>>> print(open('entry_13.cif').read())   # mmCIF, C-alpha atoms and all ligand atoms
data_coords
#
loop_
_atom_site.label_atom_id
_atom_site.label_comp_id
_atom_site.auth_asym_id
_atom_site.auth_seq_id
_atom_site.Cartn_x
_atom_site.Cartn_y
_atom_site.Cartn_z
CA MET T 716 -19.77 84.95 -57.21
CA THR T 717 -16.35 85.62 -58.65
CA LYS T 718 -15.07 82.91 -60.97
CA ASN T 719 -11.56 83.17 -59.58
CA VAL T 720 -10.25 80.93 -56.86
CA ARG T 721 -7.76 82.68 -54.61
CA ILE T 722 -5.15 80.88 -52.55
CA ALA T 723 -3.98 82.18 -49.17
CA PRO T 724 -1.01 80.26 -47.68
CA SER T 725 -1.00 80.47 -43.89
CA ILE T 726 2.46 81.24 -42.57
CA LEU T 727 1.53 79.67 -39.24
CA ALA T 728 2.82 76.46 -40.88
CA ALA T 729 5.97 78.09 -42.33
CA ASP T 730 9.53 77.64 -41.09
CA PHE T 731 10.08 80.85 -39.10
CA LEU T 732 13.85 80.44 -39.25
CA ARG T 733 13.54 81.11 -42.99
CA LEU T 734 10.51 83.39 -43.05
CA GLY T 735 11.70 85.59 -45.94
CA GLU T 736 12.35 82.58 -48.19
CA GLU T 737 9.08 80.96 -47.16
CA LEU T 738 7.16 84.11 -48.13
CA GLN T 739 8.92 84.24 -51.51
CA SER T 740 8.23 80.54 -52.12
CA VAL T 741 4.48 81.28 -52.38
CA SER T 742 4.66 84.42 -54.50
CA ASN T 743 2.26 82.74 -56.98
CA ALA T 744 -0.50 82.87 -54.33
CA ASP T 745 -3.09 85.66 -53.94
CA PHE T 746 -2.81 86.50 -50.24
CA ILE T 747 -0.56 85.74 -47.30
CA HIS T 748 -2.77 84.51 -44.45
CA TYR T 749 -1.51 85.80 -41.08
CA ASP T 750 -2.97 84.02 -38.03
CA VAL T 751 -3.01 86.09 -34.85
CA MET T 752 -3.61 83.95 -31.72
CA ASP T 753 -3.79 85.34 -28.21
CA GLY T 754 -3.79 82.23 -25.99
CA ASP T 755 -7.26 83.18 -24.72
CA PHE T 756 -9.78 83.00 -27.56
CA VAL T 757 -7.73 80.07 -28.87
CA PRO T 758 -5.36 77.78 -26.93
CA ASN T 759 -2.23 78.93 -28.72
CA ILE T 760 -0.13 82.07 -29.13
CA SER T 761 1.33 83.02 -32.50
CA PHE T 762 2.40 86.52 -33.52
CA GLY T 763 1.23 90.12 -33.27
CA PRO T 764 1.53 93.45 -35.10
CA GLY T 765 5.34 93.61 -34.85
CA ILE T 766 5.93 90.48 -36.94
CA LEU T 767 3.18 91.66 -39.33
CA ARG T 768 5.39 94.67 -40.18
CA THR T 769 8.24 92.25 -40.94
CA VAL T 770 6.00 90.06 -43.11
CA LYS T 771 4.82 93.12 -45.07
CA ARG T 772 8.46 93.82 -45.94
CA GLY T 773 8.92 90.23 -47.13
CA THR T 774 6.07 89.97 -49.64
CA ASP T 775 4.30 91.94 -52.37
CA LEU T 776 1.09 90.00 -51.79
CA PRO T 777 -1.77 91.50 -49.79
CA VAL T 778 -1.77 90.21 -46.22
CA ASP T 779 -4.99 88.76 -44.90
CA VAL T 780 -4.91 89.07 -41.09
CA HIS T 781 -7.05 86.58 -39.18
CA MET T 782 -7.43 87.87 -35.62
CA MET T 783 -8.22 84.99 -33.25
CA VAL T 784 -8.30 87.19 -30.17
CA SER T 785 -10.76 87.84 -27.35
CA ASN T 786 -10.62 91.63 -27.68
CA PRO T 787 -10.60 92.56 -31.39
CA ASP T 788 -12.31 95.92 -30.71
CA GLU T 789 -9.30 96.94 -28.61
CA VAL T 790 -6.45 95.66 -30.80
CA PHE T 791 -7.61 95.87 -34.43
CA ARG T 792 -6.11 99.34 -35.02
CA ASP T 793 -2.66 97.92 -34.23
CA TYR T 794 -3.04 95.55 -37.22
CA LEU T 795 -4.29 98.33 -39.50
CA ASN T 796 -1.29 100.44 -38.48
CA ALA T 797 1.03 97.49 -39.15
CA GLY T 798 -0.30 97.21 -42.72
CA ALA T 799 -3.11 94.59 -42.74
CA ASP T 800 -4.73 94.65 -46.19
CA VAL T 801 -7.68 92.48 -45.21
CA LEU T 802 -8.64 92.42 -41.54
CA THR T 803 -10.78 89.59 -40.18
CA PHE T 804 -12.33 89.49 -36.73
CA HIS T 805 -14.42 86.72 -35.16
CA LEU T 806 -18.10 87.41 -34.67
CA GLU T 807 -17.96 85.41 -31.41
CA THR T 808 -15.65 87.94 -29.76
CA CYS T 809 -16.46 91.35 -31.19
CA LYS T 810 -18.54 93.89 -29.31
CA HIS T 811 -19.32 96.43 -32.05
CA ALA T 812 -19.10 94.81 -35.46
CA HIS T 813 -20.42 97.69 -37.60
CA ARG T 814 -18.15 100.20 -35.90
CA MET T 815 -15.11 98.03 -36.54
CA VAL T 816 -16.06 97.44 -40.19
CA ASP T 817 -16.54 101.21 -40.65
CA GLU T 818 -13.13 102.01 -39.21
CA ILE T 819 -11.43 99.34 -41.34
CA HIS T 820 -13.08 100.78 -44.47
CA LYS T 821 -12.15 104.36 -43.53
CA GLN T 822 -8.52 103.21 -43.55
CA GLY T 823 -9.03 101.89 -47.09
CA ARG T 824 -8.72 98.22 -46.08
CA LYS T 825 -11.02 95.24 -46.59
CA ALA T 826 -13.16 94.01 -43.70
CA ALA T 827 -14.05 90.38 -43.00
CA VAL T 828 -15.87 88.45 -40.30
CA ALA T 829 -15.01 84.89 -39.28
CA ILE T 830 -17.29 82.29 -37.74
CA ASN T 831 -16.27 79.18 -35.84
CA PRO T 832 -17.63 75.77 -36.91
CA GLY T 833 -20.15 75.90 -34.04
CA THR T 834 -21.52 79.36 -34.91
CA ALA T 835 -24.74 79.61 -36.91
CA VAL T 836 -24.40 81.20 -40.35
CA SER T 837 -27.63 83.11 -39.61
CA SER T 838 -25.73 85.17 -37.01
CA LEU T 839 -24.11 86.98 -39.97
CA ASP T 840 -27.48 88.33 -41.09
CA ALA T 841 -27.07 91.81 -39.55
CA ILE T 842 -23.53 92.42 -40.83
CA ILE T 843 -23.29 90.59 -44.16
CA ASP T 844 -24.25 93.65 -46.25
CA TYR T 845 -21.11 95.49 -45.09
CA LEU T 846 -18.46 92.81 -45.56
CA ASP T 847 -15.82 92.32 -48.22
CA MET T 848 -15.24 88.73 -47.09
CA VAL T 849 -16.63 86.07 -44.77
CA LEU T 850 -14.23 83.51 -43.28
CA VAL T 851 -15.81 80.14 -42.56
CA MET T 852 -13.72 78.09 -40.13
CA SER T 853 -13.55 74.43 -41.05
CA VAL T 854 -11.66 73.48 -37.86
CA ASN T 855 -11.82 74.91 -34.35
CA PRO T 856 -9.16 77.59 -34.59
CA GLY T 857 -5.84 77.36 -32.79
CA PHE T 858 -3.49 75.11 -34.74
CA SER T 859 -2.51 74.18 -38.25
CA GLY T 860 -2.71 70.57 -39.38
CA GLN T 861 -6.15 69.79 -37.94
CA GLN T 862 -8.78 67.68 -39.63
CA PHE T 863 -11.48 69.34 -41.77
CA ILE T 864 -14.96 69.21 -40.16
CA GLU T 865 -17.48 67.74 -42.63
CA HIS T 866 -20.35 69.94 -41.38
CA THR T 867 -18.52 72.86 -43.07
CA TYR T 868 -20.18 72.00 -46.39
CA THR T 869 -23.56 72.76 -44.79
CA GLN T 870 -22.17 76.05 -43.43
CA LEU T 871 -21.05 76.99 -46.96
CA TYR T 872 -24.42 76.13 -48.52
CA LYS T 873 -26.18 78.21 -45.88
CA LEU T 874 -23.81 81.13 -46.43
CA THR T 875 -24.37 80.98 -50.19
CA ALA T 876 -28.13 81.15 -49.55
CA LEU T 877 -27.74 84.04 -47.08
CA CYS T 878 -25.62 86.04 -49.56
CA LYS T 879 -28.18 85.40 -52.28
CA SER T 880 -31.06 86.55 -50.08
CA HIS T 881 -29.15 89.80 -49.39
CA SER T 882 -27.99 90.18 -53.03
CA VAL T 883 -24.36 90.51 -51.86
CA ARG T 884 -21.23 88.74 -53.05
CA PRO T 885 -18.49 88.90 -50.43
CA LEU T 886 -15.46 86.70 -50.92
CA VAL T 887 -15.91 83.44 -49.02
CA GLU T 888 -12.73 82.20 -47.36
CA ILE T 889 -12.43 78.70 -45.97
CA ASP T 890 -9.81 77.98 -43.32
CA GLY T 891 -8.64 74.74 -41.71
CA GLY T 892 -7.75 71.36 -43.14
CA ILE T 893 -7.92 72.53 -46.78
CA SER T 894 -5.78 70.84 -49.42
CA ALA T 895 -5.99 69.82 -53.07
CA ALA T 896 -7.97 66.79 -51.84
CA ASN T 897 -11.03 68.82 -50.78
CA ALA T 898 -10.50 72.12 -52.65
CA ALA T 899 -12.93 71.27 -55.45
CA ARG T 900 -15.70 70.30 -53.08
CA VAL T 901 -15.43 73.38 -50.84
CA VAL T 902 -15.41 75.67 -53.88
CA ALA T 903 -18.43 73.86 -55.33
CA ALA T 904 -20.17 74.51 -51.99
CA GLY T 905 -19.44 78.26 -52.14
CA ALA T 906 -15.84 79.04 -51.07
CA ASN T 907 -13.54 81.09 -53.33
CA VAL T 908 -10.57 81.89 -51.08
CA LEU T 909 -8.71 78.80 -49.84
CA VAL T 910 -6.35 78.99 -46.87
CA GLY T 911 -3.60 76.40 -46.94
CA GLY T 912 -1.26 75.97 -43.98
CA SER T 913 0.23 72.49 -43.76
CA ALA T 914 -0.97 71.61 -47.29
CA VAL T 915 1.34 74.32 -48.66
CA PHE T 916 4.28 74.57 -46.24
CA ASP T 917 4.66 70.84 -45.53
CA ALA T 918 4.75 70.13 -49.28
CA PRO T 919 8.18 69.71 -50.93
CA ASP T 920 7.33 72.39 -53.53
CA HIS T 921 5.24 75.20 -52.03
CA ALA T 922 4.46 76.96 -55.33
CA GLN T 923 3.33 73.66 -56.82
CA ALA T 924 1.08 73.02 -53.80
CA VAL T 925 -0.51 76.46 -54.36
CA GLU T 926 -1.12 75.60 -58.02
CA ASN T 927 -2.57 72.19 -57.15
CA MET T 928 -5.04 73.81 -54.76
CA ARG T 929 -5.94 76.45 -57.34
CA ASN T 930 -6.46 73.88 -60.11
CA GLU T 931 -8.67 71.73 -57.92
CA GLY T 932 -10.54 74.86 -56.78
CA MET T 933 -11.18 75.86 -60.39
CA ARG T 934 -12.55 72.38 -61.03
CA GLY T 935 -14.97 73.03 -58.14
CA MET T 936 -15.96 76.33 -59.74
CA GLU T 937 -16.95 74.43 -62.89
CA MET T 938 -18.94 71.93 -60.78
CA ARG T 939 -20.99 74.90 -59.45
CA ASP T 940 -22.35 75.62 -62.90
CA LEU T 941 -23.53 72.08 -63.55
C1 LIG V 1001 -6.26 77.66 -37.62
C2 LIG V 1001 -5.76 78.81 -38.46
C3 LIG V 1001 -5.50 78.38 -39.84
C4 LIG V 1001 -4.36 77.40 -39.97
C5 LIG V 1001 -4.62 76.55 -41.16
O1 LIG V 1001 -6.64 78.11 -36.41
O2 LIG V 1001 -6.72 79.86 -38.49
O3 LIG V 1001 -5.31 79.49 -40.72
O4 LIG V 1001 -3.11 78.04 -40.10
O5 LIG V 1001 -3.73 75.49 -41.19
P1 LIG V 1001 -4.08 74.13 -41.98
O6 LIG V 1001 -4.34 74.53 -43.40
O7 LIG V 1001 -2.86 73.30 -41.79
O8 LIG V 1001 -5.31 73.55 -41.33
ZN ZN V 1002 -6.53 81.40 -40.16
#
>>> encode(input="entry_13.cif", output="structure tokens")
Amino acid sequence: MTKNVRIAPSILAADFLRLGEELQSVSNADFIHYDVMDGDFVPNISFGPGILRTVKRGTDLPVDVHMMVSNPDEVFRDYLNAGADVLTFHLETCKHAHRMVDEIHKQGRKAAVAINPGTAVSSLDAIIDYLDMVLVMSVNPGFSGQQFIEHTYTQLYKLTALCKSHSVRPLVEIDGGISAANAARVVAAGANVLVGGSAVFDAPDHAQAVENMRNEGMRGMEMRDL
């Protein structure tokens, strides 16, 4: 596993009236996390490929697009065309995972698969060899500010074991209810990309919140080696 801990602020929790400033306020992060919600796969609607183009103009960071949609096979090209650097689709909704991963790679982008808290880690077995990143949901997707589900630690341990058995090292992103308070523990359990929505954008100093999460995450990285 990489020794770095990457931080991905989720702009779902940002102030959209001041989107440009909000993006700049987290320029010390590693990714911008962009949550696409369709009101069908999840009970909320957020933004689509049009706003992604705007976000790409407002940041130099790579944008990590998390598609929470019922029809990723039909819409994923729109997000590639709009500039997604990392494109994540949910295993629960995709029809042809390998085909989608292939097309994402042919466009020179990174491919990731997400699983909901209720999805077995073993369902990644057939696709894990082809992924740049796995996104483990630690809440049921749909909203920022939800409470972290404790069973996620078990999901992370199982994913670490699955990656080991396949001799692969995808990035492991954790999303939902992450803050400096649990960053060390999720990293110790196997995560190395931490999404922060409310923990970053509800904080008085966003850049400081990013650093706090990173520092706690690095502490978790050291705990792994013990
Ligand atoms: C939840 C989204 C998350 C969300 C995280 O459905 O996928 O990325 O923005 O927000 P927090 O960190 O506040 O739980
Ligand atoms: Zn997300």
>>> residues_near_point(input="entry_13.cif", point="(5.0, 98.8, -39.7)", cutoff="10 Å", atoms="only C-alpha atoms", output="MDAnalysis selection string")
chainID T and resid 764:772 793:799
>>> axis_aligned_box(input="entry_13.cif", around="ligand LIG 1001 (chain V)", padding_each_side="4 Å", output="AutoDock Vina command-line options")
--center_x -4.8 --center_y 76.6 --center_z -39.9 --size_x 11.9 --size_y 14.6 --size_z 15.0
>>> residues_near_ligand(input="entry_13.cif", ligand="ligand LIG 1001 (chain V)", cutoff="7 Å", atoms="only C-alpha atoms and all ligand atoms", output="list in words")
Ser725, Ile726, Leu727, Ala728, His748, Asp750, His781, Val854, Asn855, Pro856, Gly857, Phe858, Ser859, Gly860, Gln861, Asp890, Gly891, Gly892, Ile893, Val910, Gly911, Gly912, Ser913 and Ala914 of chain T
>>> write_last_selection(input="entry_13.cif", atoms="C-alpha atoms", output="JSON list (two decimals), keeping the file's coordinate frame")
[["chain", "number", "residue", "atom", "x", "y", "z"],
["T", 725, "SER", "CA", -1.00, 80.47, -43.89],
["T", 726, "ILE", "CA", 2.46, 81.24, -42.57],
["T", 727, "LEU", "CA", 1.53, 79.67, -39.24],
["T", 728, "ALA", "CA", 2.82, 76.46, -40.88],
["T", 748, "HIS", "CA", -2.77, 84.51, -44.45],
["T", 750, "ASP", "CA", -2.97, 84.02, -38.03],
["T", 781, "HIS", "CA", -7.05, 86.58, -39.18],
["T", 854, "VAL", "CA", -11.66, 73.48, -37.86],
["T", 855, "ASN", "CA", -11.82, 74.91, -34.35],
["T", 856, "PRO", "CA", -9.16, 77.59, -34.59],
["T", 857, "GLY", "CA", -5.84, 77.36, -32.79],
["T", 858, "PHE", "CA", -3.49, 75.11, -34.74],
["T", 859, "SER", "CA", -2.51, 74.18, -38.25],
["T", 860, "GLY", "CA", -2.71, 70.57, -39.38],
["T", 861, "GLN", "CA", -6.15, 69.79, -37.94],
["T", 890, "ASP", "CA", -9.81, 77.98, -43.32],
["T", 891, "GLY", "CA", -8.64, 74.74, -41.71],
["T", 892, "GLY", "CA", -7.75, 71.36, -43.14],
["T", 893, "ILE", "CA", -7.92, 72.53, -46.78],
["T", 910, "VAL", "CA", -6.35, 78.99, -46.87],
["T", 911, "GLY", "CA", -3.60, 76.40, -46.94],
["T", 912, "GLY", "CA", -1.26, 75.97, -43.98],
["T", 913, "SER", "CA", 0.23, 72.49, -43.76],
["T", 914, "ALA", "CA", -0.97, 71.61, -47.29]]
>>> residues_around(input="entry_13.cif", residues="Asn930 of chain T", least_positions_apart="6", cutoff="10 Å", atoms="only C-alpha atoms", output="ChimeraX atom specification")
/T:720,895,898-899,924,936
>>> write_last_selection(input="entry_13.cif", atoms="C-alpha atoms", output="mmCIF file, keeping the file's coordinate frame")
data_model
loop_
_atom_site.group_PDB
_atom_site.id
_atom_site.type_symbol
_atom_site.label_atom_id
_atom_site.label_comp_id
_atom_site.auth_asym_id
_atom_site.auth_seq_id
_atom_site.Cartn_x
_atom_site.Cartn_y
_atom_site.Cartn_z
ATOM 1 C CA VAL T 720 -10.250 80.930 -56.860
ATOM 2 C CA ALA T 895 -5.990 69.820 -53.070
ATOM 3 C CA ALA T 898 -10.500 72.120 -52.650
ATOM 4 C CA ALA T 899 -12.930 71.270 -55.450
ATOM 5 C CA ALA T 924 1.080 73.020 -53.800
ATOM 6 C CA MET T 936 -15.960 76.330 -59.740
#
>>> atom_distance(input="entry_13.cif", atom1="atom CA of Ile722 of chain T", atom2="atom CA of Ala922 of chain T")
10.7 Å
>>> build_atoms(input="entry_13.cif", residues="segment 763-786 of chain T", atoms="N, CA and C atoms", output="PDB file, keeping the file's coordinate frame")
ATOM      1  N   GLY T 763       2.028  88.901 -33.381  1.00  0.00           N
ATOM      2  CA  GLY T 763       1.230  90.120 -33.270  1.00  0.00           C
ATOM      3  C   GLY T 763       1.572  91.130 -34.349  1.00  0.00           C
ATOM      4  N   PRO T 764       1.315  92.410 -34.083  1.00  0.00           N
ATOM      5  CA  PRO T 764       1.530  93.450 -35.100  1.00  0.00           C
ATOM      6  C   PRO T 764       2.998  93.666 -35.466  1.00  0.00           C
ATOM      7  N   GLY T 765       3.920  93.395 -34.548  1.00  0.00           N
ATOM      8  CA  GLY T 765       5.340  93.610 -34.850  1.00  0.00           C
ATOM      9  C   GLY T 765       5.813  92.715 -35.983  1.00  0.00           C
ATOM     10  N   ILE T 766       5.514  91.430 -35.883  1.00  0.00           N
ATOM     11  CA  ILE T 766       5.930  90.480 -36.940  1.00  0.00           C
ATOM     12  C   ILE T 766       5.162  90.774 -38.240  1.00  0.00           C
ATOM     13  N   LEU T 767       3.938  91.309 -38.111  1.00  0.00           N
ATOM     14  CA  LEU T 767       3.180  91.660 -39.330  1.00  0.00           C
ATOM     15  C   LEU T 767       3.962  92.695 -40.149  1.00  0.00           C
ATOM     16  N   ARG T 768       4.564  93.667 -39.470  1.00  0.00           N
ATOM     17  CA  ARG T 768       5.390  94.670 -40.180  1.00  0.00           C
ATOM     18  C   ARG T 768       6.527  93.988 -40.941  1.00  0.00           C
ATOM     19  N   THR T 769       7.138  92.990 -40.296  1.00  0.00           N
ATOM     20  CA  THR T 769       8.240  92.250 -40.940  1.00  0.00           C
ATOM     21  C   THR T 769       7.720  91.503 -42.167  1.00  0.00           C
ATOM     22  N   VAL T 770       6.576  90.835 -42.001  1.00  0.00           N
ATOM     23  CA  VAL T 770       6.000  90.060 -43.110  1.00  0.00           C
ATOM     24  C   VAL T 770       5.678  90.985 -44.285  1.00  0.00           C
ATOM     25  N   LYS T 771       5.154  92.170 -43.992  1.00  0.00           N
ATOM     26  CA  LYS T 771       4.820  93.120 -45.070  1.00  0.00           C
ATOM     27  C   LYS T 771       6.065  93.498 -45.872  1.00  0.00           C
ATOM     28  N   ARG T 772       7.219  93.501 -45.225  1.00  0.00           N
ATOM     29  CA  ARG T 772       8.460  93.820 -45.940  1.00  0.00           C
ATOM     30  C   ARG T 772       8.928  92.649 -46.794  1.00  0.00           C
ATOM     31  N   GLY T 773       8.432  91.439 -46.468  1.00  0.00           N
ATOM     32  CA  GLY T 773       8.920  90.230 -47.130  1.00  0.00           C
ATOM     33  C   GLY T 773       8.056  89.730 -48.267  1.00  0.00           C
ATOM     34  N   THR T 774       6.965  90.438 -48.575  1.00  0.00           N
ATOM     35  CA  THR T 774       6.070  89.970 -49.640  1.00  0.00           C
ATOM     36  C   THR T 774       5.416  91.152 -50.344  1.00  0.00           C
ATOM     37  N   ASP T 775       5.085  90.940 -51.630  1.00  0.00           N
ATOM     38  CA  ASP T 775       4.300  91.940 -52.370  1.00  0.00           C
ATOM     39  C   ASP T 775       2.823  91.585 -52.349  1.00  0.00           C
ATOM     40  N   LEU T 776       2.491  90.423 -51.806  1.00  0.00           N
ATOM     41  CA  LEU T 776       1.090  90.000 -51.790  1.00  0.00           C
ATOM     42  C   LEU T 776       0.331  90.743 -50.679  1.00  0.00           C
ATOM     43  N   PRO T 777      -0.985  90.948 -50.881  1.00  0.00           N
ATOM     44  CA  PRO T 777      -1.770  91.500 -49.790  1.00  0.00           C
ATOM     45  C   PRO T 777      -1.806  90.529 -48.611  1.00  0.00           C
ATOM     46  N   VAL T 778      -1.769  91.075 -47.409  1.00  0.00           N
ATOM     47  CA  VAL T 778      -1.770  90.210 -46.220  1.00  0.00           C
ATOM     48  C   VAL T 778      -3.158  90.234 -45.590  1.00  0.00           C
ATOM     49  N   ASP T 779      -3.651  89.029 -45.403  1.00  0.00           N
ATOM     50  CA  ASP T 779      -4.990  88.760 -44.900  1.00  0.00           C
ATOM     51  C   ASP T 779      -4.798  88.357 -43.426  1.00  0.00           C
ATOM     52  N   VAL T 780      -5.167  89.287 -42.517  1.00  0.00           N
ATOM     53  CA  VAL T 780      -4.910  89.070 -41.090  1.00  0.00           C
ATOM     54  C   VAL T 780      -6.138  88.485 -40.417  1.00  0.00           C
ATOM     55  N   HIS T 781      -5.964  87.305 -39.843  1.00  0.00           N
ATOM     56  CA  HIS T 781      -7.050  86.580 -39.180  1.00  0.00           C
ATOM     57  C   HIS T 781      -6.829  86.722 -37.672  1.00  0.00           C
ATOM     58  N   MET T 782      -7.614  87.610 -37.050  1.00  0.00           N
ATOM     59  CA  MET T 782      -7.430  87.870 -35.620  1.00  0.00           C
ATOM     60  C   MET T 782      -8.244  86.884 -34.782  1.00  0.00           C
ATOM     61  N   MET T 783      -7.562  85.924 -34.177  1.00  0.00           N
ATOM     62  CA  MET T 783      -8.220  84.990 -33.250  1.00  0.00           C
ATOM     63  C   MET T 783      -7.902  85.466 -31.838  1.00  0.00           C
ATOM     64  N   VAL T 784      -8.580  86.542 -31.448  1.00  0.00           N
ATOM     65  CA  VAL T 784      -8.300  87.190 -30.170  1.00  0.00           C
ATOM     66  C   VAL T 784      -9.621  87.486 -29.466  1.00  0.00           C
ATOM     67  N   SER T 785      -9.551  87.593 -28.146  1.00  0.00           N
ATOM     68  CA  SER T 785     -10.760  87.840 -27.350  1.00  0.00           C
ATOM     69  C   SER T 785     -11.202  89.287 -27.376  1.00  0.00           C
ATOM     70  N   ASN T 786     -10.293  90.207 -27.757  1.00  0.00           N
ATOM     71  CA  ASN T 786     -10.620  91.630 -27.680  1.00  0.00           C
ATOM     72  C   ASN T 786     -10.330  92.362 -28.998  1.00  0.00           C
TER      73      ASN T 786
END
